[in-house]
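Read through the structure below, which is laid out as structure tokens, and then see the notes.
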Amino acid sequence: MNLKKTAVIILLASLAVKSQGQEVKFPTFSAEAHRGGRGLMPENSIEAMLNAMKIDGITTLEMDTHISKDDKVVVTHDDYLSPAFMLTPDGKDIPATDARKYPIFGMDYADIKQFDLGTKYFAQFPQQQKIKTHLPLLSDLIDAVQSDIKHNKRKQFFYNIETKCSEGGDGVTNPNPDKFVKLLMDVIIKKKISDFVVIQSFDKRTIQIIHEKYPKIKTSFLVANKKTYEENIADLGFKPFILSPLWQMVNEELVKKAHADGVKIIPWTANTLADIQKLKALQVDGIISDYPDILVQAK
């Protein structure tokens, strides 16, 4: 009798862990806010992520990561602080001639944080709300997202995190891929979000390392080329959880071949209602968009 009671207690404890959101199924359709939804808010900012979470139907927060000089994982897309949408700590424009003056990999995070990410008008995204903010640490972004989920009793969101690196950038704009992956995974493991993470990259080396050293982590291979489905998979060397092509690459044949292989297709970056509807008609498994508000409108 005691053994039966013990078994029941263990089973209930196990179910409790699952019910607390530690095991969450990947969305049937992954509706992803690209860089947090940069059509609406300053890209890759905590404010963008929190805004996207308020849009009913968004399931996944997409973002980019770089490594700073002092080995911090910084959420940002460009190798250098961009003159297009960033201002200096004293609120001045970064001249176009200084487009490569401020490399993320060449600066300590304390200095990076002083630059203004959100108040400069960005002509590419005229609807983008203007707020003064900064490039966040991945750890701080995760804390903000998880706190918001808990405080507002939201569903668990997924994180689609890109490693911004390349062979040509090794030692120049990024560390070697082994170090990049180690620093990134240290944050993810410490923050206990491994079950909710996809690591994506154009740099196959980082997701090959993830596949080998962290096999439970979902991977996504970003592609923008004229190769066939088979050629891209052969290039990577294994079947990823997701193949993420430039949206114009997607056709019925690509989707069918991927699905036959058990691979999901989540294209980037479709921004019009017509393009999003076209992709959904092809039975893709998700879409990455700068406009999460438009994305969730598409049927």
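A note on labels: chains of the structure tokens are A, B, ... as shown, every chain counts residues from 1, and ligands are counted from 1 in their shown order.
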(message) So that I can see what lies close to Leu222 in chain A, please list as a ChimeraX atom specification the residues with an atom at most 9 Å from it, counting only C-alpha atoms and leaving out residues fewer than 3 positions away in the same chain.
(response) /A:200-204,242-246,267-268
Take the residues that were just selected and, keeping N, CA, C and O atoms, output them as a tab-separated table (two decimals), in the first residue's frame.
```tsv
chain	number	residue	atom	x	y	z
A	200	GLN	N	18.55	29.45	-34.69
A	200	GLN	CA	18.60	29.51	-36.15
A	200	GLN	C	19.87	30.22	-36.60
A	200	GLN	O	20.44	31.03	-35.87
A	201	SER	N	20.29	29.91	-37.83
A	201	SER	CA	21.47	30.59	-38.36
A	201	SER	C	21.62	30.34	-39.85
A	201	SER	O	21.21	29.29	-40.37
A	202	PHE	N	22.21	31.33	-40.53
A	202	PHE	CA	22.73	31.11	-41.88
A	202	PHE	C	24.07	30.39	-41.80
A	202	PHE	O	24.50	29.75	-42.75
A	203	ASP	N	24.75	30.55	-40.68
A	203	ASP	CA	26.05	29.92	-40.46
A	203	ASP	C	25.81	28.49	-39.97
A	203	ASP	O	25.52	28.26	-38.80
A	204	LYS	N	25.94	27.55	-40.88
A	204	LYS	CA	25.62	26.16	-40.54
A	204	LYS	C	26.47	25.63	-39.40
A	204	LYS	O	26.08	24.71	-38.68
A	242	ILE	N	13.66	22.80	-38.37
A	242	ILE	CA	13.05	23.75	-39.30
A	242	ILE	C	14.04	24.08	-40.41
A	242	ILE	O	15.23	24.26	-40.16
A	243	LEU	N	13.55	24.19	-41.63
A	243	LEU	CA	14.26	24.86	-42.71
A	243	LEU	C	13.56	26.20	-42.91
A	243	LEU	O	12.35	26.25	-43.11
A	244	SER	N	14.34	27.28	-42.82
A	244	SER	CA	13.75	28.62	-42.85
A	244	SER	C	14.26	29.37	-44.08
A	244	SER	O	15.29	30.03	-44.05
A	245	PRO	N	13.52	29.28	-45.19
A	245	PRO	CA	13.97	29.92	-46.43
A	245	PRO	C	13.44	31.35	-46.59
A	245	PRO	O	12.43	31.73	-45.99
A	246	LEU	N	14.13	32.12	-47.39
A	246	LEU	CA	13.59	33.39	-47.87
A	246	LEU	C	12.21	33.10	-48.45
A	246	LEU	O	12.02	32.12	-49.19
A	267	PRO	N	9.16	30.36	-43.44
A	267	PRO	CA	9.86	31.35	-44.26
A	267	PRO	C	9.97	32.72	-43.60
A	267	PRO	O	9.24	33.05	-42.68
A	268	TRP	N	10.90	33.51	-44.12
A	268	TRP	CA	11.12	34.90	-43.70
A	268	TRP	C	11.22	35.74	-44.96
A	268	TRP	O	11.59	35.23	-46.01
```
(message) Would you pick out the contacts of Glu162 in chain A at 10 Å or less, using only C-alpha atoms, so that residues sharing its chain but fewer than 6 positions from it are not included, and give the list as a PyMOL selection string?
(response) chain A and resi 35+62-66+75-77+198-203+206-207+219-222
Would you mind exporting the chosen residues as a PDB file, in the first residue's frame, restricted to N, CA, C and O atoms?
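part18.pdb, freshly written:
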```
ATOM      1  N   ARG A  35      12.391  40.227 -35.234  1.00  0.00           N
ATOM      2  CA  ARG A  35      13.104  41.201 -34.399  1.00  0.00           C
ATOM      3  C   ARG A  35      12.142  41.864 -33.398  1.00  0.00           C
ATOM      4  O   ARG A  35      12.300  43.026 -33.038  1.00  0.00           O
ATOM      5  N   GLU A  62      11.069  36.348 -32.467  1.00  0.00           N
ATOM      6  CA  GLU A  62      12.287  36.131 -33.246  1.00  0.00           C
ATOM      7  C   GLU A  62      13.272  37.245 -32.953  1.00  0.00           C
ATOM      8  O   GLU A  62      12.878  38.409 -32.819  1.00  0.00           O
ATOM      9  N   MET A  63      14.550  36.892 -32.836  1.00  0.00           N
ATOM     10  CA  MET A  63      15.562  37.888 -32.472  1.00  0.00           C
ATOM     11  C   MET A  63      16.939  37.446 -32.955  1.00  0.00           C
ATOM     12  O   MET A  63      17.147  36.296 -33.345  1.00  0.00           O
ATOM     13  N   ASP A  64      17.893  38.389 -32.899  1.00  0.00           N
ATOM     14  CA  ASP A  64      19.268  38.135 -33.334  1.00  0.00           C
ATOM     15  C   ASP A  64      20.221  38.326 -32.172  1.00  0.00           C
ATOM     16  O   ASP A  64      19.969  39.142 -31.277  1.00  0.00           O
ATOM     17  N   THR A  65      21.339  37.603 -32.209  1.00  0.00           N
ATOM     18  CA  THR A  65      22.335  37.774 -31.150  1.00  0.00           C
ATOM     19  C   THR A  65      23.743  37.946 -31.704  1.00  0.00           C
ATOM     20  O   THR A  65      24.116  37.337 -32.703  1.00  0.00           O
ATOM     21  N   HIS A  66      24.481  38.819 -31.036  1.00  0.00           N
ATOM     22  CA  HIS A  66      25.909  39.026 -31.259  1.00  0.00           C
ATOM     23  C   HIS A  66      26.620  38.855 -29.926  1.00  0.00           C
ATOM     24  O   HIS A  66      25.991  38.855 -28.863  1.00  0.00           O
ATOM     25  N   VAL A  75      21.401  41.274 -27.857  1.00  0.00           N
ATOM     26  CA  VAL A  75      20.338  41.099 -28.838  1.00  0.00           C
ATOM     27  C   VAL A  75      20.401  42.246 -29.841  1.00  0.00           C
ATOM     28  O   VAL A  75      20.013  43.376 -29.552  1.00  0.00           O
ATOM     29  N   THR A  76      20.925  41.942 -31.016  1.00  0.00           N
ATOM     30  CA  THR A  76      21.042  42.932 -32.095  1.00  0.00           C
ATOM     31  C   THR A  76      21.359  42.217 -33.393  1.00  0.00           C
ATOM     32  O   THR A  76      21.949  41.124 -33.385  1.00  0.00           O
ATOM     33  N   HIS A  77      20.987  42.815 -34.504  1.00  0.00           N
ATOM     34  CA  HIS A  77      21.166  42.181 -35.809  1.00  0.00           C
ATOM     35  C   HIS A  77      22.483  42.548 -36.485  1.00  0.00           C
ATOM     36  O   HIS A  77      23.193  41.691 -36.988  1.00  0.00           O
ATOM     37  N   VAL A 198      14.368  27.844 -30.209  1.00  0.00           N
ATOM     38  CA  VAL A 198      14.908  27.395 -31.492  1.00  0.00           C
ATOM     39  C   VAL A 198      16.146  28.240 -31.758  1.00  0.00           C
ATOM     40  O   VAL A 198      16.108  29.464 -31.602  1.00  0.00           O
ATOM     41  N   ILE A 199      17.244  27.593 -32.131  1.00  0.00           N
ATOM     42  CA  ILE A 199      18.443  28.332 -32.547  1.00  0.00           C
ATOM     43  C   ILE A 199      18.525  28.274 -34.064  1.00  0.00           C
ATOM     44  O   ILE A 199      18.550  27.193 -34.655  1.00  0.00           O
ATOM     45  N   GLN A 200      18.548  29.449 -34.694  1.00  0.00           N
ATOM     46  CA  GLN A 200      18.599  29.509 -36.152  1.00  0.00           C
ATOM     47  C   GLN A 200      19.873  30.217 -36.599  1.00  0.00           C
ATOM     48  O   GLN A 200      20.441  31.029 -35.866  1.00  0.00           O
ATOM     49  N   SER A 201      20.291  29.907 -37.830  1.00  0.00           N
ATOM     50  CA  SER A 201      21.471  30.591 -38.364  1.00  0.00           C
ATOM     51  C   SER A 201      21.616  30.335 -39.851  1.00  0.00           C
ATOM     52  O   SER A 201      21.212  29.287 -40.365  1.00  0.00           O
ATOM     53  N   PHE A 202      22.214  31.327 -40.532  1.00  0.00           N
ATOM     54  CA  PHE A 202      22.733  31.113 -41.881  1.00  0.00           C
ATOM     55  C   PHE A 202      24.069  30.394 -41.800  1.00  0.00           C
ATOM     56  O   PHE A 202      24.497  29.746 -42.752  1.00  0.00           O
ATOM     57  N   ASP A 203      24.753  30.554 -40.678  1.00  0.00           N
ATOM     58  CA  ASP A 203      26.051  29.919 -40.463  1.00  0.00           C
ATOM     59  C   ASP A 203      25.811  28.492 -39.973  1.00  0.00           C
ATOM     60  O   ASP A 203      25.515  28.265 -38.798  1.00  0.00           O
ATOM     61  N   THR A 206      27.194  26.876 -36.473  1.00  0.00           N
ATOM     62  CA  THR A 206      26.633  27.020 -35.127  1.00  0.00           C
ATOM     63  C   THR A 206      25.532  26.001 -34.880  1.00  0.00           C
ATOM     64  O   THR A 206      25.457  25.414 -33.799  1.00  0.00           O
ATOM     65  N   ILE A 207      24.674  25.767 -35.878  1.00  0.00           N
ATOM     66  CA  ILE A 207      23.609  24.799 -35.624  1.00  0.00           C
ATOM     67  C   ILE A 207      24.111  23.349 -35.732  1.00  0.00           C
ATOM     68  O   ILE A 207      23.521  22.455 -35.140  1.00  0.00           O
ATOM     69  N   THR A 219      16.692  23.243 -33.891  1.00  0.00           N
ATOM     70  CA  THR A 219      17.530  24.048 -34.785  1.00  0.00           C
ATOM     71  C   THR A 219      16.767  24.420 -36.052  1.00  0.00           C
ATOM     72  O   THR A 219      15.869  23.707 -36.498  1.00  0.00           O
ATOM     73  N   SER A 220      17.164  25.554 -36.625  1.00  0.00           N
ATOM     74  CA  SER A 220      16.566  26.031 -37.862  1.00  0.00           C
ATOM     75  C   SER A 220      17.671  26.540 -38.780  1.00  0.00           C
ATOM     76  O   SER A 220      18.500  27.359 -38.371  1.00  0.00           O
ATOM     77  N   PHE A 221      17.680  26.050 -40.012  1.00  0.00           N
ATOM     78  CA  PHE A 221      18.694  26.438 -40.991  1.00  0.00           C
ATOM     79  C   PHE A 221      18.107  27.523 -41.894  1.00  0.00           C
ATOM     80  O   PHE A 221      17.164  27.290 -42.649  1.00  0.00           O
ATOM     81  N   LEU A 222      18.661  28.732 -41.775  1.00  0.00           N
ATOM     82  CA  LEU A 222      18.249  29.858 -42.601  1.00  0.00           C
ATOM     83  C   LEU A 222      18.924  29.781 -43.968  1.00  0.00           C
ATOM     84  O   LEU A 222      20.148  29.604 -44.041  1.00  0.00           O
TER      85      LEU A 222
END
```
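CA of Ile58 in chain A sits 10.4 Å away from CA of Gly286 in chain A.
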(request) List every residue of range 101-173 of chain A that DSSP, applied to the backbone of this structure, assigns to strand (DSSP E or B), and report them as a PyMOL selection string. (result) chain A and resi 103+116+137+158-163+170
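The residue set within 6 Å of range 104-121 of chain A, counting only C-alpha atoms and dropping same-chain residues fewer than 5 places from it, reads Pro42, Ile67, Ser68, Lys69, Asp70, Asp79, Tyr80, Phe85, Met86, Leu87, Thr88, Pro89, Lys130, Ile131, Lys132, Thr133, His134, Leu135, Thr173 and Asn174 of chain A.
Between CA of Leu184 in chain A and CA of Leu137 in chain A the interatomic distance comes to 10.9 Å.
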(request) Pull the alpha helix (DSSP H) assignments for range 68-285 of chain A out of DSSP run on the backbone, and list those residues as a count of residues only. (result) 68
